[in-house]
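Reproduced below: final.txt, with compact mmCIF, C-alpha atoms (C1' of nucleotides).
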```txt
# COMPACT_ATOMS: atom_id res chain seq x y z
CA MET A 1 -6.51 19.03 -67.49
CA ALA A 2 -9.07 18.55 -70.22
CA GLY A 3 -12.37 20.29 -70.69
CA HIS A 4 -10.89 23.72 -70.32
CA LYS A 5 -12.46 25.17 -73.36
CA LEU A 6 -15.83 24.82 -71.69
CA ASP A 7 -17.33 27.67 -69.76
CA PRO A 8 -19.75 27.17 -66.86
CA ILE A 9 -22.76 27.39 -69.16
CA ASP A 10 -21.42 24.62 -71.37
CA ARG A 11 -20.85 22.41 -68.37
CA GLN A 12 -24.32 23.11 -67.09
CA ILE A 13 -25.75 22.21 -70.48
CA LEU A 14 -23.93 18.89 -70.33
CA ALA A 15 -25.18 18.25 -66.82
CA GLU A 16 -28.77 19.03 -67.75
CA LEU A 17 -28.73 16.91 -70.88
CA GLN A 18 -27.14 14.08 -68.97
CA ALA A 19 -29.99 14.23 -66.47
CA ASP A 20 -32.69 14.57 -69.13
CA GLY A 21 -31.63 13.99 -72.68
CA ARG A 22 -35.01 14.81 -74.14
CA MET A 23 -35.36 18.22 -72.56
CA THR A 24 -36.51 20.79 -75.10
CA ASN A 25 -34.05 23.42 -76.14
CA VAL A 26 -36.34 26.12 -74.76
CA GLU A 27 -36.39 24.48 -71.34
CA LEU A 28 -32.64 23.93 -71.45
CA ALA A 29 -32.00 27.54 -72.41
CA SER A 30 -34.14 28.79 -69.56
CA ARG A 31 -32.34 26.56 -67.08
CA VAL A 32 -28.87 27.67 -68.07
CA GLY A 33 -29.94 31.30 -68.28
CA ILE A 34 -29.53 32.16 -71.95
CA SER A 35 -31.96 32.41 -74.84
CA ALA A 36 -32.80 29.53 -77.13
CA PRO A 37 -30.67 30.25 -80.22
CA PRO A 38 -27.25 30.47 -78.56
CA CYS A 39 -28.21 27.53 -76.39
CA LEU A 40 -28.90 25.40 -79.44
CA ARG A 41 -25.65 26.50 -81.02
CA ARG A 42 -23.76 25.46 -77.92
CA VAL A 43 -25.41 22.06 -77.89
CA ARG A 44 -24.54 21.51 -81.53
CA ALA A 45 -20.96 22.60 -80.86
CA LEU A 46 -20.69 20.20 -77.92
CA GLU A 47 -21.96 17.40 -80.13
CA GLU A 48 -19.54 18.31 -82.90
CA ALA A 49 -16.61 18.49 -80.52
CA GLY A 50 -17.40 15.03 -79.18
CA TYR A 51 -18.29 16.01 -75.65
CA ILE A 52 -21.73 14.55 -76.33
CA ARG A 53 -21.46 11.11 -77.90
CA GLY A 54 -25.19 10.63 -78.34
CA TYR A 55 -28.51 10.34 -76.61
CA HIS A 56 -30.11 7.14 -75.47
CA ALA A 57 -33.33 6.02 -73.87
CA ASP A 58 -32.60 4.10 -70.70
CA ILE A 59 -34.67 0.95 -70.94
CA ASP A 60 -35.56 -1.42 -68.12
CA ALA A 61 -33.90 -4.71 -68.97
CA ARG A 62 -36.00 -6.88 -66.69
CA GLU A 63 -39.27 -5.47 -68.02
CA LEU A 64 -38.18 -6.51 -71.46
CA GLY A 65 -37.32 -10.03 -70.50
CA PHE A 66 -33.60 -9.79 -69.86
CA GLU A 67 -33.63 -11.42 -66.46
CA VAL A 68 -29.93 -12.12 -66.22
CA GLN A 69 -26.96 -9.81 -65.90
CA VAL A 70 -23.49 -11.19 -65.48
CA PHE A 71 -20.00 -9.84 -65.00
CA ALA A 72 -17.38 -12.03 -66.60
CA MET A 73 -13.72 -11.69 -65.60
CA VAL A 74 -11.58 -12.97 -68.44
CA ARG A 75 -7.92 -13.92 -68.53
CA LEU A 76 -6.11 -14.66 -71.76
CA ASN A 77 -3.03 -16.81 -72.15
CA SER A 78 -1.42 -14.21 -74.35
CA GLN A 79 -1.11 -10.48 -73.85
CA ALA A 80 0.24 -9.78 -77.30
CA GLU A 81 -1.50 -6.75 -78.73
CA ALA A 82 -2.80 -8.74 -81.69
CA ASP A 83 -4.47 -11.24 -79.39
CA LEU A 84 -5.93 -8.57 -77.15
CA SER A 85 -7.37 -6.76 -80.15
CA ALA A 86 -8.74 -9.97 -81.58
CA PHE A 87 -10.56 -10.69 -78.35
CA GLU A 88 -11.99 -7.18 -78.27
CA ALA A 89 -13.26 -7.63 -81.80
CA ARG A 90 -15.02 -10.83 -80.74
CA CYS A 91 -16.65 -9.00 -77.87
CA ARG A 92 -17.93 -6.28 -80.13
CA ALA A 93 -19.58 -8.92 -82.28
CA TRP A 94 -21.37 -10.69 -79.40
CA PRO A 95 -24.69 -9.02 -78.73
CA LEU A 96 -24.95 -10.41 -75.20
CA VAL A 97 -21.75 -8.58 -74.28
CA ARG A 98 -22.69 -4.96 -73.67
CA GLU A 99 -19.40 -3.74 -72.23
CA CYS A 100 -15.82 -4.88 -72.59
CA HIS A 101 -13.07 -3.17 -70.62
CA MET A 102 -9.42 -4.04 -70.65
CA LEU A 103 -7.98 -3.94 -67.14
CA ASN A 104 -4.59 -3.94 -65.48
CA GLY A 105 -3.68 -6.59 -62.92
CA GLU A 106 -4.40 -10.28 -63.08
CA ILE A 107 -7.68 -9.93 -64.92
CA ASP A 108 -7.30 -8.95 -68.56
CA PHE A 109 -10.91 -8.07 -69.35
CA ILE A 110 -14.17 -7.52 -67.59
CA LEU A 111 -17.36 -8.00 -69.56
CA LYS A 112 -20.85 -6.94 -68.65
CA CYS A 113 -23.33 -9.33 -70.23
CA VAL A 114 -27.11 -9.57 -70.40
CA ALA A 115 -29.28 -12.52 -71.31
CA PRO A 116 -32.95 -13.45 -71.29
CA ASP A 117 -32.30 -16.36 -68.95
CA LEU A 118 -29.54 -18.38 -67.37
CA SER A 119 -29.48 -21.12 -69.98
CA THR A 120 -28.99 -18.60 -72.76
CA PHE A 121 -26.05 -17.20 -70.89
CA GLN A 122 -24.62 -20.64 -70.13
CA THR A 123 -24.79 -21.55 -73.79
CA PHE A 124 -23.02 -18.34 -74.70
CA LEU A 125 -20.40 -18.95 -72.03
CA THR A 126 -19.55 -22.52 -72.98
CA GLU A 127 -20.04 -22.34 -76.71
CA GLU A 128 -18.70 -18.89 -77.44
CA LEU A 129 -16.70 -17.17 -74.74
CA LEU A 130 -14.78 -20.17 -73.41
CA LYS A 131 -14.00 -21.33 -76.91
CA ALA A 132 -12.64 -18.00 -78.08
CA ASP A 133 -8.96 -17.85 -78.99
CA HIS A 134 -6.50 -17.43 -76.13
CA VAL A 135 -9.15 -17.42 -73.42
CA ALA A 136 -7.44 -19.05 -70.48
CA ASN A 137 -9.90 -18.51 -67.69
CA VAL A 138 -13.33 -16.95 -67.12
CA LYS A 139 -14.88 -16.22 -63.77
CA THR A 140 -18.52 -15.22 -63.88
CA SER A 141 -20.67 -13.56 -61.26
CA LEU A 142 -24.41 -13.13 -61.49
CA VAL A 143 -25.82 -9.77 -60.56
CA ILE A 144 -28.15 -10.31 -57.63
CA ARG A 145 -29.35 -6.77 -57.49
CA CYS A 146 -28.28 -3.34 -58.60
CA ALA A 147 -27.98 -0.68 -55.92
CA LYS A 148 -26.83 2.10 -58.19
CA ASP A 149 -26.58 2.58 -61.92
CA GLU A 150 -26.14 6.23 -62.66
CA PRO A 151 -25.45 6.93 -66.27
CA GLY A 152 -22.76 9.49 -66.82
CA LEU A 153 -20.53 11.62 -64.72
CA PRO A 154 -20.61 13.42 -61.38
CA PHE A 155 -20.70 17.03 -62.45
CA ASP A 156 -20.65 18.21 -58.88
CA VAL A 157 -17.19 16.68 -58.50
CA LEU A 158 -16.07 18.42 -61.67
CA GLU A 159 -17.34 21.80 -60.52
CA ALA A 160 -15.71 21.42 -57.13
CA ARG A 161 -12.45 20.58 -58.80
CA LEU A 162 -12.59 23.53 -61.17
CA ALA A 163 -13.43 25.88 -58.32
CA ARG A 164 -10.40 24.65 -56.39
CA ASN A 165 -8.06 25.14 -59.35
CA ALA A 166 -9.43 28.57 -60.17
CA MET B 1 -41.70 -14.19 -69.94
CA ALA B 2 -41.98 -10.44 -69.52
CA GLY B 3 -42.55 -7.82 -72.15
CA HIS B 4 -45.50 -9.62 -73.63
CA LYS B 5 -47.81 -6.71 -73.62
CA LEU B 6 -45.61 -5.07 -76.20
CA ASP B 7 -46.28 -5.44 -79.88
CA PRO B 8 -43.58 -5.26 -82.56
CA ILE B 9 -44.14 -1.53 -83.01
CA ASP B 10 -43.58 -0.87 -79.32
CA ARG B 11 -40.38 -2.86 -79.38
CA GLN B 12 -39.19 -1.00 -82.44
CA ILE B 13 -39.93 2.29 -80.73
CA LEU B 14 -37.80 1.21 -77.79
CA ALA B 15 -35.00 0.12 -80.09
CA GLU B 16 -35.06 3.40 -82.00
CA LEU B 17 -35.13 5.55 -78.88
CA GLN B 18 -32.35 3.51 -77.38
CA ALA B 19 -30.26 4.20 -80.46
CA ASP B 20 -31.17 7.88 -80.63
CA GLY B 21 -33.00 9.29 -77.66
CA ARG B 22 -33.42 12.72 -79.16
CA MET B 23 -35.11 11.60 -82.35
CA THR B 24 -38.18 13.70 -83.07
CA ASN B 25 -41.53 12.05 -82.76
CA VAL B 26 -42.20 12.68 -86.44
CA GLU B 27 -39.02 10.86 -87.42
CA LEU B 28 -39.75 8.06 -84.99
CA ALA B 29 -43.29 7.66 -86.30
CA SER B 30 -42.08 7.45 -89.85
CA ARG B 31 -39.49 4.81 -88.94
CA VAL B 32 -41.94 2.56 -87.17
CA GLY B 33 -44.55 3.06 -89.85
CA ILE B 34 -47.38 4.83 -88.06
CA SER B 35 -48.46 8.46 -87.87
CA ALA B 36 -47.19 10.88 -85.25
CA PRO B 37 -50.09 11.01 -82.79
CA PRO B 38 -50.37 7.29 -82.01
CA CYS B 39 -46.60 7.10 -81.96
CA LEU B 40 -46.43 9.77 -79.29
CA ARG B 41 -49.16 8.05 -77.31
CA ARG B 42 -47.17 4.84 -77.38
CA VAL B 43 -44.01 6.56 -76.23
CA ARG B 44 -45.86 8.16 -73.33
CA ALA B 45 -47.40 4.80 -72.43
CA LEU B 46 -43.99 3.12 -72.49
CA GLU B 47 -42.64 5.83 -70.21
CA GLU B 48 -45.60 5.50 -67.86
CA ALA B 49 -45.30 1.74 -67.72
CA GLY B 50 -41.64 2.00 -66.80
CA TYR B 51 -40.19 0.41 -69.91
CA ILE B 52 -38.39 3.70 -70.50
CA ARG B 53 -36.67 4.89 -67.36
CA GLY B 54 -35.41 8.13 -68.83
CA TYR B 55 -33.24 9.72 -71.47
CA HIS B 56 -29.63 10.70 -71.04
CA ALA B 57 -26.91 12.37 -73.03
CA ASP B 58 -23.88 10.11 -73.27
CA ILE B 59 -20.92 12.28 -72.36
CA ASP B 60 -17.27 11.56 -73.04
CA ALA B 61 -15.66 11.20 -69.62
CA ARG B 62 -12.07 11.72 -70.76
CA GLU B 63 -12.93 14.90 -72.65
CA LEU B 64 -14.32 16.29 -69.44
CA GLY B 65 -11.29 15.49 -67.38
CA PHE B 66 -12.23 12.16 -65.86
CA GLU B 67 -9.10 10.30 -66.84
CA VAL B 68 -9.51 7.35 -64.53
CA GLN B 69 -12.03 4.54 -64.51
CA VAL B 70 -11.76 1.73 -62.01
CA PHE B 71 -13.58 -1.46 -61.23
CA ALA B 72 -13.54 -2.25 -57.52
CA MET B 73 -14.35 -5.78 -56.31
CA VAL B 74 -15.53 -5.55 -52.74
CA ARG B 75 -15.94 -8.26 -50.10
CA LEU B 76 -17.65 -7.61 -46.81
CA ASN B 77 -17.10 -9.52 -43.59
CA SER B 78 -20.83 -9.76 -43.03
CA GLN B 79 -23.56 -10.78 -45.43
CA ALA B 80 -26.40 -9.82 -43.13
CA GLU B 81 -29.02 -7.97 -45.11
CA ALA B 82 -28.71 -4.91 -42.89
CA ASP B 83 -24.98 -4.67 -43.60
CA LEU B 84 -25.42 -5.23 -47.31
CA SER B 85 -28.05 -2.50 -47.47
CA ALA B 86 -25.93 -0.15 -45.46
CA PHE B 87 -23.04 -0.61 -47.87
CA GLU B 88 -25.31 0.02 -50.83
CA ALA B 89 -26.50 3.22 -49.21
CA ARG B 90 -22.90 4.36 -48.82
CA CYS B 91 -22.28 3.66 -52.51
CA ARG B 92 -25.28 5.71 -53.55
CA ALA B 93 -23.87 8.63 -51.60
CA TRP B 94 -20.40 8.49 -53.15
CA PRO B 95 -20.33 10.48 -56.37
CA LEU B 96 -17.24 8.69 -57.70
CA VAL B 97 -19.13 5.41 -57.59
CA ARG B 98 -21.34 5.31 -60.65
CA GLU B 99 -22.50 1.71 -60.45
CA CYS B 100 -22.86 -0.73 -57.59
CA HIS B 101 -23.95 -4.31 -58.27
CA MET B 102 -24.39 -7.04 -55.72
CA LEU B 103 -22.96 -10.31 -57.02
CA ASN B 104 -23.07 -13.97 -56.13
CA GLY B 105 -19.87 -15.91 -55.49
CA GLU B 106 -16.86 -14.78 -53.53
CA ILE B 107 -17.15 -11.13 -54.45
CA ASP B 108 -20.02 -9.34 -52.78
CA PHE B 109 -20.07 -6.14 -54.82
CA ILE B 110 -18.55 -4.74 -57.95
CA LEU B 111 -18.31 -0.98 -58.26
CA LYS B 112 -17.60 1.07 -61.33
CA CYS B 113 -15.86 4.28 -60.33
CA VAL B 114 -14.64 7.37 -62.15
CA ALA B 115 -12.18 10.00 -61.00
CA PRO B 116 -10.35 12.99 -62.45
CA ASP B 117 -6.99 11.41 -61.66
CA LEU B 118 -5.36 8.55 -59.85
CA SER B 119 -4.69 10.42 -56.65
CA THR B 120 -8.31 11.42 -56.31
CA PHE B 121 -9.25 7.79 -56.63
CA GLN B 122 -6.58 6.66 -54.21
CA THR B 123 -7.81 9.12 -51.63
CA PHE B 124 -11.34 7.89 -52.10
CA LEU B 125 -10.19 4.30 -51.84
CA THR B 126 -8.17 4.65 -48.66
CA GLU B 127 -10.21 7.30 -46.89
CA GLU B 128 -13.71 6.25 -47.83
CA LEU B 129 -14.16 2.83 -49.34
CA LEU B 130 -11.66 0.89 -47.24
CA LYS B 131 -12.90 2.55 -44.09
CA ALA B 132 -16.55 1.79 -44.71
CA ASP B 133 -18.25 -0.56 -42.25
CA HIS B 134 -17.74 -4.30 -42.80
CA VAL B 135 -15.50 -3.87 -45.82
CA ALA B 136 -13.12 -6.81 -45.59
CA ASN B 137 -11.28 -6.62 -48.87
CA VAL B 138 -11.17 -4.49 -52.01
CA LYS B 139 -9.46 -5.39 -55.25
CA THR B 140 -9.21 -2.60 -57.77
CA SER B 141 -8.43 -2.74 -61.46
CA LEU B 142 -7.79 0.28 -63.63
CA VAL B 143 -9.49 0.38 -66.99
CA ILE B 144 -6.77 0.50 -69.61
CA ARG B 145 -9.09 0.91 -72.52
CA CYS B 146 -12.70 0.30 -73.37
CA ALA B 147 -13.43 -1.89 -76.36
CA LYS B 148 -17.19 -1.78 -76.13
CA ASP B 149 -19.67 0.24 -74.14
CA GLU B 150 -23.08 -0.11 -75.69
CA PRO B 151 -25.79 1.46 -73.65
CA GLY B 152 -28.91 -0.63 -73.43
CA LEU B 153 -30.08 -3.93 -74.72
CA PRO B 154 -29.63 -6.13 -77.77
CA PHE B 155 -33.02 -5.87 -79.41
CA ASP B 156 -32.00 -8.24 -82.16
CA VAL B 157 -31.63 -10.98 -79.55
CA LEU B 158 -35.04 -10.15 -78.19
CA GLU B 159 -36.69 -10.29 -81.59
CA ALA B 160 -35.01 -13.58 -82.42
CA ARG B 161 -36.25 -15.02 -79.15
CA LEU B 162 -39.79 -13.84 -79.67
CA ALA B 163 -39.81 -15.23 -83.20
CA ARG B 164 -38.69 -18.62 -81.88
CA ASN B 165 -41.39 -18.68 -79.21
CA ALA B 166 -44.12 -17.54 -81.59
C1' DA C 1 -74.65 -10.00 -86.14
C1' DG C 2 -74.04 -6.32 -82.60
C1' DG C 3 -71.68 -3.50 -79.37
C1' DA C 4 -67.76 -2.18 -76.72
C1' DA C 5 -63.04 -1.38 -76.78
C1' DT C 6 -58.88 -0.43 -78.89
C1' DG C 7 -56.09 1.98 -81.92
C1' DC C 8 -55.48 4.48 -86.15
C1' DG C 9 -54.98 8.82 -88.95
C1' DC C 10 -56.57 13.50 -90.38
C1' DA C 11 -56.89 18.17 -89.29
C1' DA C 12 -56.33 22.08 -86.30
C1' DT C 13 -53.72 24.34 -82.76
C1' DA C 14 -49.92 25.08 -79.61
C1' DA C 15 -45.23 24.76 -78.79
C1' DT C 16 -40.65 24.35 -80.23
C1' DA C 17 -36.62 24.50 -83.35
C1' DT C 18 -33.98 27.05 -86.45
C1' DT C 19 -32.47 30.83 -89.31
C1' DT C 20 -31.50 35.68 -89.93
C1' DC C 21 -29.66 39.73 -88.49
C1' DA C 22 -28.45 43.81 -85.87
C1' DA C 23 -26.56 45.06 -81.42
C1' DT C 24 -23.23 44.19 -77.76
C1' DC C 25 -19.10 42.73 -75.50
C1' DC C 26 -14.22 41.80 -75.31
C1' DC C 27 -9.68 42.35 -76.40
C1' DA C 28 -5.66 43.52 -78.70
C1' DA C 29 -3.36 46.73 -81.84
C1' DG C 30 -2.66 51.39 -83.02
C1' DC D 1 -7.55 55.96 -74.64
C1' DT D 2 -9.91 54.53 -78.94
C1' DT D 3 -10.83 51.80 -82.59
C1' DG D 4 -11.62 47.66 -85.39
C1' DG D 5 -12.23 42.61 -85.72
C1' DG D 6 -14.07 38.41 -83.90
C1' DA D 7 -17.16 36.18 -81.19
C1' DT D 8 -21.53 35.82 -78.94
C1' DT D 9 -25.74 37.36 -77.82
C1' DG D 10 -31.02 38.00 -78.15
C1' DA D 11 -35.34 39.63 -80.76
C1' DA D 12 -38.03 38.52 -84.53
C1' DA D 13 -39.55 35.72 -88.30
C1' DT D 14 -40.15 31.24 -90.26
C1' DA D 15 -40.15 26.25 -90.47
C1' DT D 16 -40.77 22.22 -88.06
C1' DT D 17 -42.61 19.51 -84.52
C1' DA D 18 -45.70 18.27 -80.59
C1' DT D 19 -50.21 17.78 -79.01
C1' DT D 20 -55.20 17.66 -78.85
C1' DG D 21 -59.85 16.45 -80.57
C1' DC D 22 -62.50 13.63 -83.17
C1' DG D 23 -64.43 10.42 -86.62
C1' DC D 24 -63.43 5.88 -88.67
C1' DA D 25 -61.77 1.17 -89.06
C1' DT D 26 -60.63 -3.19 -86.90
C1' DT D 27 -60.83 -6.57 -83.43
C1' DC D 28 -62.74 -9.11 -79.93
C1' DC D 29 -66.13 -10.85 -77.20
C1' DT D 30 -70.47 -12.00 -76.43
```
In structure tokens, write the structure found in this file.
Amino acid sequence: MAGHKLDPIDRQILAELQADGRMTNVELASRVGISAPPCLRRVRALEEAGYIRGYHADIDARELGFEVQVFAMVRLNSQAEADLSAFEARCRAWPLVRECHMLNGEIDFILKCVAPDLSTFQTFLTEELLKADHVANVKTSLVIRCAKDEPGLPFDVLEARLARNA
Amino acid sequence: MAGHKLDPIDRQILAELQADGRMTNVELASRVGISAPPCLRRVRALEEAGYIRGYHADIDARELGFEVQVFAMVRLNSQAEADLSAFEARCRAWPLVRECHMLNGEIDFILKCVAPDLSTFQTFLTEELLKADHVANVKTSLVIRCAKDEPGLPFDVLEARLARNA
DNA sequence: AGGAATGCGCAATAATATTTCAATCCCAAG
DNA sequence: CTTGGGATTGAAATATTATTGCGCATTCCT
């Protein structure tokens, strides 16, 4: 099991920064129960080691004029690695596609897309996605509403698991 | 169209903080071309107004021992609002479910789930999700690999759109 | 024009980040 | 035991940043 080089303080640092990425180091140190300098060193080490990929402001899409969110389920007519990679590269280049996950089962890829309005998305769908190489079939579903969108990981589950294995 | 009370500096602030949520205010101010005090005032205003929902560290799930990510497509046997809401409430209470979106079309909900391993997910699936009220059908797909996972919004698309409408 | 409102930047102060360094803890070898 | 090395800590000092107060410029609306 991974993450074993982390002690409880490290994990708590990750949990706190996941909950509030702009917390000051002084506040963070006080929460995890150590002084500021070692706390900062731990944060830097966690960043270096790749546990922390980055920090991002979470911005309200609708407030900014992105009214439409869509999940697109994509099937290709070839599962050769070269074709899969080529499709992934296309996805990375499309700004409306925010996430692209390769799946097992009948669906090859699921994409999470955003757009300012439906017609923008339709244009993207018909002119770009459906015309991409080896795309056999795309099923799209509009997001009606979002009940939960928690960035990050359930640290309580992780702690429970570590306690059990201890 | 929303977001019209924002000037180009505000939008650039959002874009910068989306890219690096821990940027210092001094750095941010210099990037957007104003001095620190008004820059900070703008950030606070954007937070107050709800454009910025929060800031989060982006943490590598696999490094922490969450080996499994799954998309679950859920259909209910009732689309009464009370039943939909009840299901959403269940999702919010399940830590393994990180996202829950209500969709149009044949699928009612799509869930993004994480788990330390497959058996943990299977237990959740059979003991929790499949036994939840009004759940008619669940199709799950394991994430094989993730080609793109960009938090946030494509500000370049937004700017292009605003330029066109100007 | 005139006056209010908005928003800027400078300067001063408060808070925080970061470096330095000596003391402590832990563990393994003698 | 005890002793030495490595790692980690926290106090103090310094550098950097955040925050407040205030006067000035610009805009906008009479």
List the spatial neighbours of DC26 of chain C as an NGL selection string - criterion: any atom at most 12 Å away, only C-alpha atoms (C1' of nucleotides), same-chain residues fewer than 3 positions off excluded. :D and (4-8)
Residue hits in chain D, query chain A, radius 12 Å, only C-alpha atoms (C1' of nucleotides), as a list in words: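 Close to chain A, chain D has DA7, DT8, DT9, DG10, DA11, DA12, DT17 and DA18 of chain D.
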Please build the interface table for chain A against chain C with a cut-off of 10 Å, listing for each qualifying residue the nearest atom pair and the distance in Å to one decimal; count only C-alpha atoms (C1' of nucleotides), order rows by chain and increasing number, and write it as CSV.
```
residue,atom,partner,partner_atom,distance
A:Thr24,CA,C:DT16,C1',7.5
A:Asn25,CA,C:DA17,C1',7.7
A:Val26,CA,C:DT16,C1',7.2
A:Glu27,CA,C:DT16,C1',9.9
A:Ala36,CA,C:DA17,C1',8.9
A:Pro37,CA,C:DT18,C1',7.7
A:Leu40,CA,C:DA17,C1',8.7
A:Arg41,CA,C:DT18,C1',10.0
```
Atom CA of Trp94 of chain B and atom CA of Phe109 of chain B, how far apart in Å?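 Spanning atom CA of Phe109 of chain B to atom CA of Trp94 of chain B is a straight-line distance of 14.7 Å.
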At a cut-off of 6 Å, which residues of chain A touch chain B? Count all atoms listed in the file and give the answer as a count of residues only. 42
For the atom pair atom CA of Asp83 of chain B and atom CA of Phe124 of chain B, what is the interatomic distance in Å to one decimal place?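 Atom CA of Asp83 of chain B sits 20.4 Å away from atom CA of Phe124 of chain B.
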In Å to one decimal, how far is atom C1' of DG21 of chain D from atom CA of Ala45 of chain B?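 Separation between atom CA of Ala45 of chain B and atom C1' of DG21 of chain D: 18.9 Å.
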At a cut-off of 9 Å, using all atoms listed in the file, what residues contact Leu118 of chain B? Leave out same-chain residues fewer than 4 positions from it and give the result as a list of chain:residue names. B:Glu67, B:Val68, B:Gln122, B:Thr123
Repair of segment 117-132 of chain A at the level of N, CA, C and O atoms, as a CSV table (one decimal), in the frame of the given file:
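Writing done, so here's out.csv:
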```csv
chain,number,residue,atom,x,y,z
A,117,ASP,N,-32.2,-15.4,-70.0
A,117,ASP,CA,-32.3,-16.4,-69.0
A,117,ASP,C,-30.9,-17.0,-68.8
A,117,ASP,O,-30.0,-16.8,-69.6
A,118,LEU,N,-30.8,-17.8,-67.7
A,118,LEU,CA,-29.5,-18.4,-67.4
A,118,LEU,C,-29.0,-19.3,-68.4
A,118,LEU,O,-27.9,-19.4,-68.8
A,119,SER,N,-30.0,-20.1,-69.0
A,119,SER,CA,-29.5,-21.1,-70.0
A,119,SER,C,-28.9,-20.4,-71.2
A,119,SER,O,-28.0,-20.9,-71.8
A,120,THR,N,-29.5,-19.3,-71.6
A,120,THR,CA,-29.0,-18.6,-72.8
A,120,THR,C,-27.6,-18.1,-72.5
A,120,THR,O,-26.7,-18.3,-73.3
A,121,PHE,N,-27.4,-17.7,-71.2
A,121,PHE,CA,-26.0,-17.2,-70.9
A,121,PHE,C,-25.1,-18.4,-70.8
A,121,PHE,O,-23.9,-18.3,-71.3
A,122,GLN,N,-25.5,-19.5,-70.2
A,122,GLN,CA,-24.6,-20.6,-70.1
A,122,GLN,C,-24.2,-21.1,-71.5
A,122,GLN,O,-23.0,-21.5,-71.7
A,123,THR,N,-25.1,-21.1,-72.4
A,123,THR,CA,-24.8,-21.6,-73.8
A,123,THR,C,-23.8,-20.6,-74.4
A,123,THR,O,-22.8,-21.0,-75.0
A,124,PHE,N,-24.0,-19.3,-74.2
A,124,PHE,CA,-23.0,-18.3,-74.7
A,124,PHE,C,-21.7,-18.6,-74.1
A,124,PHE,O,-20.6,-18.6,-74.7
A,125,LEU,N,-21.7,-18.8,-72.7
A,125,LEU,CA,-20.4,-19.0,-72.0
A,125,LEU,C,-19.6,-20.2,-72.5
A,125,LEU,O,-18.4,-20.1,-72.9
A,126,THR,N,-20.3,-21.3,-72.6
A,126,THR,CA,-19.6,-22.5,-73.0
A,126,THR,C,-19.3,-22.6,-74.5
A,126,THR,O,-18.2,-23.1,-74.9
A,127,GLU,N,-20.2,-22.1,-75.3
A,127,GLU,CA,-20.0,-22.3,-76.7
A,127,GLU,C,-19.3,-21.2,-77.4
A,127,GLU,O,-18.7,-21.4,-78.5
A,128,GLU,N,-19.3,-20.0,-76.8
A,128,GLU,CA,-18.7,-18.9,-77.4
A,128,GLU,C,-17.5,-18.4,-76.7
A,128,GLU,O,-16.4,-18.4,-77.1
A,129,LEU,N,-17.8,-17.9,-75.5
A,129,LEU,CA,-16.7,-17.2,-74.7
A,129,LEU,C,-15.5,-18.1,-74.4
A,129,LEU,O,-14.4,-17.8,-74.7
A,130,LEU,N,-15.9,-19.3,-73.8
A,130,LEU,CA,-14.8,-20.2,-73.4
A,130,LEU,C,-14.0,-20.8,-74.6
A,130,LEU,O,-12.9,-21.3,-74.4
A,131,LYS,N,-14.7,-20.8,-75.7
A,131,LYS,CA,-14.0,-21.3,-76.9
A,131,LYS,C,-13.2,-20.3,-77.7
A,131,LYS,O,-12.6,-20.6,-78.7
A,132,ALA,N,-13.3,-19.0,-77.3
A,132,ALA,CA,-12.6,-18.0,-78.1
A,132,ALA,C,-11.1,-18.1,-77.9
A,132,ALA,O,-10.6,-18.6,-76.9
```
